[in-house]
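A.B. asks: After the structure tokens below, expect a handful of questions from me.
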Amino acid sequence: MKHILLKSIMSLFLSSSLSLMSQNSMPDIQISENKHFLQYENGKPFFYLGDTAWELFHRLNREEMDNYFSVRKQQGYNVVQAVALSEVDGLNVPNRYGFLPFNEFNPEKPAVKDGDNNDYWDNVDYAVEKANSLGIYIGLLPTWGRYWNDGKPLFNKDNAYKYGRFIGSRYKNKGVIWILGGDRPADNKNKKEILRAMAKGIRDAGAKQLMTFHPCGGCGSSQWLNDEDWLDFNMRQNGHAVNYTGRYSNTINDYNLKRVRPVIDGEPVYEDHPIDFNPDNQGFSTSADVRRAIYWDLFNGACGHTYGHHAVWQMYDKEAGRGPINSPLLCWKDAIHQPGATQMVYAKKLVESRPYFTRVPAPEIIVESEVRNSVPGAGRYHFNATKDSKNTYAFVYVPVGRRFEINLTEALSDKNLVAWWYNPRNGEAKKIGKFKNEGNLSFISPTPGENLDWILVVDNASSRYKVPGKHKENK
């Protein structure tokens with residue numbers, strides 16, 4: 001009798017747990033009123049701080065997922081980008097539990113079985129639930145681009161719609177942000193029809209979360225899809241170059257488009273990545289390279305940023321038999337602790353410490369030097385700036401220890417200013433002093449002559465803002 005009663009209690013508990021799991025406890029993400037930023041449904045800013053984990057569903061078991069999400073949560077990430085149909089032969093190579101996503105390689109026949117951990121999609125469910133339980137949204141790519149773009153693609157507009165209905169229905173109540181695409185161009189009518197059909201399938205399934213498109217390197221979603229109504233915000237892949245011009249300079253172009261949408265760099269240079277895929281001539285990127293990317297993008301108007309590590313996106317683990325792609329330097333379990341990964345949150349804290357929704361690009365405040373390639377600079381050493389449209393603060397990104405000048409007479413409204421140095425390597429700030437807002441102001445960072453970056457923060461004295469990075473203004 002006791003045994004039967006215990007089974008009934010356990011059955012009721014499991015039923016309640018599954019019911020709770022089907023509810024979305026994550027607040028909805030929306031577009032801000034001025035259409036340049038993201039926000040929570042209560043109107044507070046949502047700074048999209050993402051990590052690139054493309055192979056998460058395919059290459060990790062649940063214990064490894066727990067470890068990964070725990071570390072990224074502690075580091076301050078609130079989005080993880082992962083792909084349902086993996087780039088690395090995800091249709092033919094099973095996940096860690098021996099499951100494939102489809103029966104007969106058919107998108108209209110997802111391989112779904114009753115019960116827990118009985119199929120490929122159960123593992124995706126687990127990852128989404130685990131992330132959401134920690135307050136992390138999954139930037140969910142339904143498929144990598146090779147399956148709707150390359151050679152003889154798996155998808156056409158008919159099965160793309162049906163697959164969209166399937167995956168949209170499965171995750172419509174979860175904390176996900178939909179990311180169509182997957183490193184390919186939408187450069188002809190047929191590709192656009194497939195994407196449009198997949199987006200419609202997701203929407204017809206009742207999924208209302210935000211949707212964007214992950215493009216190929218050096219490109220942005222606006223290049224092909226600016227007229228698509230399903231596209232809620234623009235995503236760029238400024239890619240694995242380390243120079244400003246021609247890559248990170250394009251973020252401000254998307255910001256300034258006539259059809260205004262938020263813009264984000266969904267794939268900048270990864271840490272420890274072969275620079276321009278050419279390690280023999282250019283070596284590998286460092287934390288300094290990924291820091292430059294986040295400040296270049298943010299100060300050009302981005303609504304957040306995505307970090308990536310070359311070993312982590314592919315979940316490289318030699319001991320587990322997961323082969324290397326393009327020469328990763330570390331096992332992913334070590335790579336998640338690399339310096340750049342922990343430094344991204346300092347950029348988030350900085351912009352959140354001043355009025356948020358009024359931040360605009362402000363390259364005009366930097367005074368061009370006699371040698372323009374020195375200031376505002378070129379290559380890895382480009383200076384750029386942002387300010388408050390209400391003229392209360394300005395930030396200048398200083399990539400190298402070189403004297404420079406700024407002019408704030410029109411950018412800030414007070415006659416008296418307060419300046420700080422903000423350290424992007426540790427999030428610490430040091431007050432420089434007070435200045436009169438008159439003519440050109442000259443500064444040099446605390447590490448003159450060194451390839452170390454800093455952010456100059458200048459506030460109206462009357463605003464009485466707190467230490468940069470330490471206080472959330474949330475207005």
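In the structure tokens, each chain is lettered A, B, ... as it comes, each chain's residues begin at 1, and ligands are numbered from 1 in order of appearance.
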Quick one: residues within 9 Å of segment 84-99 of chain A, only C-alpha atoms counted, chain neighbours fewer than 6 positions away excluded, as a ChimeraX atom specification?
C.D. replies: /A:54-61,105,111,117-121,123-124,140-147,182,314
A.B. asks: Go ahead and write the selection's residues with N, CA, C and O atoms as a CSV table (one decimal), in the first residue's frame.
C.D. replies:
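What follows is the written file again.csv:
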```csv
chain,number,residue,atom,x,y,z
A,54,TRP,N,28.1,27.0,-30.9
A,54,TRP,CA,27.4,26.4,-32.0
A,54,TRP,C,27.2,24.9,-31.8
A,54,TRP,O,26.1,24.3,-32.1
A,55,GLU,N,28.2,24.1,-31.3
A,55,GLU,CA,28.1,22.7,-31.2
A,55,GLU,C,27.6,22.2,-29.9
A,55,GLU,O,27.7,21.0,-29.6
A,56,LEU,N,27.0,23.0,-29.1
A,56,LEU,CA,26.5,22.7,-27.8
A,56,LEU,C,25.6,21.4,-27.8
A,56,LEU,O,25.8,20.5,-27.1
A,57,PHE,N,24.5,21.5,-28.6
A,57,PHE,CA,23.6,20.4,-28.6
A,57,PHE,C,24.2,19.1,-29.1
A,57,PHE,O,23.8,18.0,-28.7
A,58,HIS,N,25.1,19.2,-30.0
A,58,HIS,CA,25.6,18.1,-30.8
A,58,HIS,C,26.7,17.4,-30.1
A,58,HIS,O,26.8,16.1,-30.1
A,59,ARG,N,27.6,18.1,-29.5
A,59,ARG,CA,28.9,17.5,-29.0
A,59,ARG,C,29.0,17.4,-27.4
A,59,ARG,O,29.9,16.8,-27.0
A,60,LEU,N,28.1,18.0,-26.7
A,60,LEU,CA,28.2,17.9,-25.2
A,60,LEU,C,27.1,16.9,-24.6
A,60,LEU,O,26.0,16.8,-25.1
A,61,ASN,N,27.5,16.3,-23.5
A,61,ASN,CA,26.6,15.5,-22.7
A,61,ASN,C,26.0,16.5,-21.7
A,61,ASN,O,26.4,17.6,-21.5
A,105,PHE,N,16.8,11.3,-42.8
A,105,PHE,CA,17.4,12.6,-43.2
A,105,PHE,C,16.3,13.6,-43.7
A,105,PHE,O,16.5,14.4,-44.6
A,111,ALA,N,13.1,12.9,-35.5
A,111,ALA,CA,13.2,11.7,-34.7
A,111,ALA,C,12.8,11.9,-33.3
A,111,ALA,O,13.7,12.1,-32.4
A,117,ASN,N,15.1,11.7,-22.6
A,117,ASN,CA,16.5,11.3,-23.0
A,117,ASN,C,16.4,10.0,-24.0
A,117,ASN,O,17.2,9.2,-23.9
A,118,ASN,N,15.3,10.1,-24.8
A,118,ASN,CA,15.1,9.0,-25.7
A,118,ASN,C,15.4,9.4,-27.2
A,118,ASN,O,15.3,8.5,-28.1
A,119,ASP,N,15.7,10.7,-27.4
A,119,ASP,CA,16.0,11.1,-28.8
A,119,ASP,C,16.8,12.4,-28.7
A,119,ASP,O,17.1,13.0,-27.7
A,120,TYR,N,17.2,12.8,-29.9
A,120,TYR,CA,18.1,14.0,-30.1
A,120,TYR,C,17.4,15.2,-29.5
A,120,TYR,O,18.1,16.0,-28.8
A,121,TRP,N,16.1,15.4,-29.7
A,121,TRP,CA,15.5,16.6,-29.3
A,121,TRP,C,15.3,16.7,-27.7
A,121,TRP,O,15.2,17.8,-27.2
A,123,ASN,N,17.7,16.1,-25.8
A,123,ASN,CA,18.9,16.8,-25.3
A,123,ASN,C,18.9,18.3,-25.6
A,123,ASN,O,19.4,19.1,-24.8
A,124,VAL,N,18.3,18.7,-26.7
A,124,VAL,CA,18.1,20.1,-27.0
A,124,VAL,C,17.2,20.7,-25.9
A,124,VAL,O,17.5,21.8,-25.3
A,140,LEU,N,18.7,30.5,-30.6
A,140,LEU,CA,18.5,29.2,-31.3
A,140,LEU,C,18.5,29.3,-32.8
A,140,LEU,O,17.6,29.9,-33.4
A,141,LEU,N,19.5,28.7,-33.4
A,141,LEU,CA,19.5,28.6,-34.9
A,141,LEU,C,18.8,27.3,-35.2
A,141,LEU,O,19.3,26.2,-34.8
A,142,PRO,N,17.7,27.3,-35.9
A,142,PRO,CA,17.1,26.0,-36.3
A,142,PRO,C,18.0,25.1,-37.1
A,142,PRO,O,17.9,23.9,-37.0
A,143,THR,N,18.8,25.7,-37.9
A,143,THR,CA,19.7,24.9,-38.8
A,143,THR,C,20.9,25.7,-39.2
A,143,THR,O,20.9,27.0,-39.2
A,144,TRP,N,22.0,25.1,-39.4
A,144,TRP,CA,23.2,25.8,-40.0
A,144,TRP,C,22.9,26.0,-41.5
A,144,TRP,O,22.1,25.3,-42.1
A,145,GLY,N,23.6,27.0,-42.0
A,145,GLY,CA,23.3,27.5,-43.4
A,145,GLY,C,23.5,26.5,-44.5
A,145,GLY,O,22.9,26.5,-45.5
A,146,ARG,N,24.4,25.5,-44.2
A,146,ARG,CA,24.8,24.6,-45.3
A,146,ARG,C,23.6,23.8,-45.7
A,146,ARG,O,23.5,23.3,-46.8
A,147,TYR,N,22.6,23.6,-44.8
A,147,TYR,CA,21.5,22.8,-45.1
A,147,TYR,C,20.3,23.5,-45.9
A,147,TYR,O,19.4,22.8,-46.4
A,182,GLY,N,22.8,31.0,-40.5
A,182,GLY,CA,23.9,30.1,-40.2
A,182,GLY,C,25.0,30.2,-41.2
A,182,GLY,O,25.3,29.3,-41.9
A,314,GLN,N,33.3,25.0,-31.2
A,314,GLN,CA,33.3,23.7,-31.7
A,314,GLN,C,33.4,22.6,-30.6
A,314,GLN,O,33.4,21.4,-30.9
```
A.B. asks: Within 10 Å of segment 332-355 of chain A, which residues of segment 216-285 of chain A come that close, and what is the closest atom pair and distance in Å for each? Count only C-alpha atoms and give it as a Markdown table.
C.D. replies:
```
| residue | atom | partner | partner_atom | distance |
| --- | --- | --- | --- | --- |
| A:Tyr270 | CA | A:Gly340 | CA | 9.3 |
| A:Glu271 | CA | A:Gly340 | CA | 6.8 |
| A:Asp272 | CA | A:Ala335 | CA | 8.9 |
```
A.B. asks: Find the residues of segment 223-299 of chain A that sit at most 9 Å from segment 316-331 of chain A; for each, write down the nearest two atoms and how far apart they are in Å, to one decimal. Count only C-alpha atoms. Sort by chain, then by number going up, and give it as CSV.
C.D. replies:
```
residue,atom,partner,partner_atom,distance
A:Asp272,CA,A:Leu329,CA,6.9
A:His273,CA,A:Pro328,CA,7.2
A:Pro274,CA,A:Asn326,CA,7.5
A:Phe277,CA,A:Asn326,CA,7.7
A:Pro279,CA,A:Ser327,CA,8.8
```
A.B. asks: Could you take the residues named above and write them with N, CA, C and O atoms, as a compact mmCIF listing (two decimals), in the first residue's frame?
C.D. replies:
```
# COMPACT_ATOMS: atom_id res chain seq x y z
N ASP A 272 41.64 33.49 -29.52
CA ASP A 272 42.50 32.36 -29.91
C ASP A 272 42.10 31.76 -31.26
O ASP A 272 42.24 30.55 -31.49
N HIS A 273 41.64 32.61 -32.16
CA HIS A 273 41.25 32.18 -33.51
C HIS A 273 42.36 32.55 -34.50
O HIS A 273 42.99 33.60 -34.36
N PRO A 274 42.62 31.73 -35.52
CA PRO A 274 43.57 32.15 -36.57
C PRO A 274 43.08 33.45 -37.22
O PRO A 274 41.96 33.50 -37.74
N PHE A 277 41.87 33.56 -40.72
CA PHE A 277 42.07 32.15 -41.08
C PHE A 277 43.48 31.91 -41.64
O PHE A 277 43.69 30.99 -42.43
N PRO A 279 46.88 31.61 -39.82
CA PRO A 279 47.78 31.64 -38.66
C PRO A 279 49.26 31.67 -39.03
O PRO A 279 50.08 32.19 -38.26
```
A.B. asks: I'd like to know which residues of segment 295-404 of chain A are helix (DSSP H, G or I) (by DSSP, run on the backbone); could you write them as a PyMOL selection string?
C.D. replies: chain A and resi 295-299+310-313+318-320+332-335+339-352+363-365+373-377
A.B. asks: Find the spatial neighbours of Lys431 of chain A, counting only C-alpha atoms, within a cut-off of 8 Å - ignore same-chain residues fewer than 5 positions away - and output them as a VMD selection string.
C.D. replies: chain A and resid 418 to 421
A.B. asks: Take the selection from the previous step and output its residues with all heavy atoms, as a compact mmCIF listing (two decimals), in the first residue's frame.
C.D. replies:
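See selection.txt below for the written result:
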```
# COMPACT_ATOMS: atom_id res chain seq x y z
N VAL A 418 33.49 66.10 -15.52
CA VAL A 418 34.25 65.17 -14.70
C VAL A 418 34.71 64.02 -15.59
O VAL A 418 33.89 63.46 -16.33
CB VAL A 418 33.42 64.62 -13.51
CG1 VAL A 418 34.24 63.62 -12.70
CG2 VAL A 418 32.94 65.76 -12.63
N ALA A 419 35.99 63.67 -15.51
CA ALA A 419 36.53 62.62 -16.39
C ALA A 419 37.08 61.46 -15.57
O ALA A 419 37.59 61.64 -14.44
CB ALA A 419 37.61 63.19 -17.30
N TRP A 420 36.99 60.26 -16.17
CA TRP A 420 37.46 59.01 -15.55
C TRP A 420 38.20 58.19 -16.59
O TRP A 420 37.91 58.26 -17.78
CB TRP A 420 36.29 58.16 -15.07
CG TRP A 420 35.27 58.80 -14.21
CD1 TRP A 420 34.28 59.68 -14.59
CD2 TRP A 420 35.09 58.58 -12.82
NE1 TRP A 420 33.50 60.03 -13.53
CE2 TRP A 420 33.97 59.36 -12.41
CE3 TRP A 420 35.74 57.80 -11.86
CZ2 TRP A 420 33.50 59.39 -11.11
CZ3 TRP A 420 35.27 57.82 -10.56
CH2 TRP A 420 34.17 58.60 -10.18
N TRP A 421 39.11 57.33 -16.12
CA TRP A 421 39.65 56.25 -16.93
C TRP A 421 39.00 54.95 -16.48
O TRP A 421 38.99 54.63 -15.30
CB TRP A 421 41.17 56.13 -16.79
CG TRP A 421 41.94 57.18 -17.53
CD1 TRP A 421 42.74 58.14 -17.01
CD2 TRP A 421 41.97 57.37 -18.96
NE1 TRP A 421 43.27 58.93 -18.00
CE2 TRP A 421 42.82 58.48 -19.21
CE3 TRP A 421 41.37 56.72 -20.04
CZ2 TRP A 421 43.08 58.94 -20.50
CZ3 TRP A 421 41.62 57.19 -21.31
CH2 TRP A 421 42.47 58.28 -21.54
```
A.B. asks: Out of A:Ile167, A:Ile432, A:Leu298, A:Ile31, which residue has the shortest atom-to-atom distance to Tyr397 of chain A when counting only C-alpha atoms?
C.D. replies: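 Smallest distance to Tyr397 of chain A is found for A:Leu298.
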A.B. asks: Residues of segment 187-324 of chain A in strand (DSSP E) according to DSSP, as a list in words?
C.D. replies: Met211, Thr212, Phe213, His214, Cys219, Gly220, Asn234, Met235, Arg236, Gln237, Val263, Ile264, Asp265, Gly304, His305, Thr306 and Tyr307 of chain A
A.B. asks: Create the file for the chosen residues now, containing N, CA, C and O atoms and written as a PDB file, in the first residue's frame.
C.D. replies:
```pdb
ATOM      1  N   MET A 211      13.286  37.529 -33.591  1.00  0.00           N
ATOM      2  CA  MET A 211      13.905  36.731 -34.647  1.00  0.00           C
ATOM      3  C   MET A 211      14.902  37.582 -35.429  1.00  0.00           C
ATOM      4  O   MET A 211      14.651  38.747 -35.735  1.00  0.00           O
ATOM      5  N   THR A 212      16.056  36.965 -35.762  1.00  0.00           N
ATOM      6  CA  THR A 212      17.072  37.640 -36.553  1.00  0.00           C
ATOM      7  C   THR A 212      17.714  36.637 -37.510  1.00  0.00           C
ATOM      8  O   THR A 212      17.203  35.520 -37.685  1.00  0.00           O
ATOM      9  N   PHE A 213      18.826  37.018 -38.120  1.00  0.00           N
ATOM     10  CA  PHE A 213      19.482  36.200 -39.148  1.00  0.00           C
ATOM     11  C   PHE A 213      20.990  36.308 -38.987  1.00  0.00           C
ATOM     12  O   PHE A 213      21.545  37.415 -38.937  1.00  0.00           O
ATOM     13  N   HIS A 214      21.664  35.165 -38.909  1.00  0.00           N
ATOM     14  CA  HIS A 214      23.121  35.107 -38.781  1.00  0.00           C
ATOM     15  C   HIS A 214      23.739  34.960 -40.179  1.00  0.00           C
ATOM     16  O   HIS A 214      23.573  33.941 -40.847  1.00  0.00           O
ATOM     17  N   CYS A 219      29.490  40.341 -43.447  1.00  0.00           N
ATOM     18  CA  CYS A 219      28.173  40.746 -43.955  1.00  0.00           C
ATOM     19  C   CYS A 219      27.196  40.972 -42.806  1.00  0.00           C
ATOM     20  O   CYS A 219      27.487  40.688 -41.645  1.00  0.00           O
ATOM     21  N   GLY A 220      26.016  41.486 -43.174  1.00  0.00           N
ATOM     22  CA  GLY A 220      24.952  41.706 -42.209  1.00  0.00           C
ATOM     23  C   GLY A 220      23.614  41.296 -42.778  1.00  0.00           C
ATOM     24  O   GLY A 220      23.418  41.246 -43.998  1.00  0.00           O
ATOM     25  N   ASN A 234      18.744  43.392 -36.658  1.00  0.00           N
ATOM     26  CA  ASN A 234      19.821  43.023 -37.570  1.00  0.00           C
ATOM     27  C   ASN A 234      20.986  42.393 -36.823  1.00  0.00           C
ATOM     28  O   ASN A 234      21.329  42.802 -35.709  1.00  0.00           O
ATOM     29  N   MET A 235      21.577  41.405 -37.468  1.00  0.00           N
ATOM     30  CA  MET A 235      22.779  40.770 -36.939  1.00  0.00           C
ATOM     31  C   MET A 235      23.868  40.835 -38.001  1.00  0.00           C
ATOM     32  O   MET A 235      23.618  40.605 -39.183  1.00  0.00           O
ATOM     33  N   ARG A 236      25.056  41.164 -37.563  1.00  0.00           N
ATOM     34  CA  ARG A 236      26.230  41.168 -38.425  1.00  0.00           C
ATOM     35  C   ARG A 236      27.146  39.997 -38.058  1.00  0.00           C
ATOM     36  O   ARG A 236      27.096  39.487 -36.937  1.00  0.00           O
ATOM     37  N   GLN A 237      27.971  39.590 -39.005  1.00  0.00           N
ATOM     38  CA  GLN A 237      29.141  38.777 -38.697  1.00  0.00           C
ATOM     39  C   GLN A 237      30.353  39.587 -39.166  1.00  0.00           C
ATOM     40  O   GLN A 237      30.801  39.463 -40.297  1.00  0.00           O
ATOM     41  N   VAL A 263      20.908  46.567 -33.912  1.00  0.00           N
ATOM     42  CA  VAL A 263      21.949  45.811 -34.608  1.00  0.00           C
ATOM     43  C   VAL A 263      22.906  45.235 -33.580  1.00  0.00           C
ATOM     44  O   VAL A 263      23.195  45.860 -32.555  1.00  0.00           O
ATOM     45  N   ILE A 264      23.389  44.035 -33.862  1.00  0.00           N
ATOM     46  CA  ILE A 264      24.353  43.377 -32.995  1.00  0.00           C
ATOM     47  C   ILE A 264      25.337  42.599 -33.851  1.00  0.00           C
ATOM     48  O   ILE A 264      24.991  42.129 -34.949  1.00  0.00           O
ATOM     49  N   ASP A 265      26.555  42.495 -33.375  1.00  0.00           N
ATOM     50  CA  ASP A 265      27.572  41.658 -34.023  1.00  0.00           C
ATOM     51  C   ASP A 265      27.461  40.265 -33.426  1.00  0.00           C
ATOM     52  O   ASP A 265      27.875  40.021 -32.297  1.00  0.00           O
ATOM     53  N   GLY A 304      24.211  45.268 -28.044  1.00  0.00           N
ATOM     54  CA  GLY A 304      24.853  44.248 -27.227  1.00  0.00           C
ATOM     55  C   GLY A 304      26.001  43.665 -28.017  1.00  0.00           C
ATOM     56  O   GLY A 304      26.493  44.292 -28.970  1.00  0.00           O
ATOM     57  N   HIS A 305      26.405  42.448 -27.670  1.00  0.00           N
ATOM     58  CA  HIS A 305      27.574  41.873 -28.334  1.00  0.00           C
ATOM     59  C   HIS A 305      27.601  40.370 -28.090  1.00  0.00           C
ATOM     60  O   HIS A 305      27.085  39.878 -27.082  1.00  0.00           O
ATOM     61  N   THR A 306      28.227  39.656 -29.020  1.00  0.00           N
ATOM     62  CA  THR A 306      28.461  38.223 -28.856  1.00  0.00           C
ATOM     63  C   THR A 306      29.953  37.951 -28.820  1.00  0.00           C
ATOM     64  O   THR A 306      30.690  38.361 -29.718  1.00  0.00           O
ATOM     65  N   TYR A 307      30.385  37.275 -27.769  1.00  0.00           N
ATOM     66  CA  TYR A 307      31.775  36.821 -27.640  1.00  0.00           C
ATOM     67  C   TYR A 307      31.876  35.423 -28.245  1.00  0.00           C
ATOM     68  O   TYR A 307      30.892  34.692 -28.347  1.00  0.00           O
TER      69      TYR A 307
END
```
A.B. asks: Would you mind listing what lies within 12 Å of Ser374 of chain A as number ranges by chain, with only C-alpha atoms counted and same-chain residues fewer than 5 positions away left out?
C.D. replies: A: 366-369, 379-383, 398-405
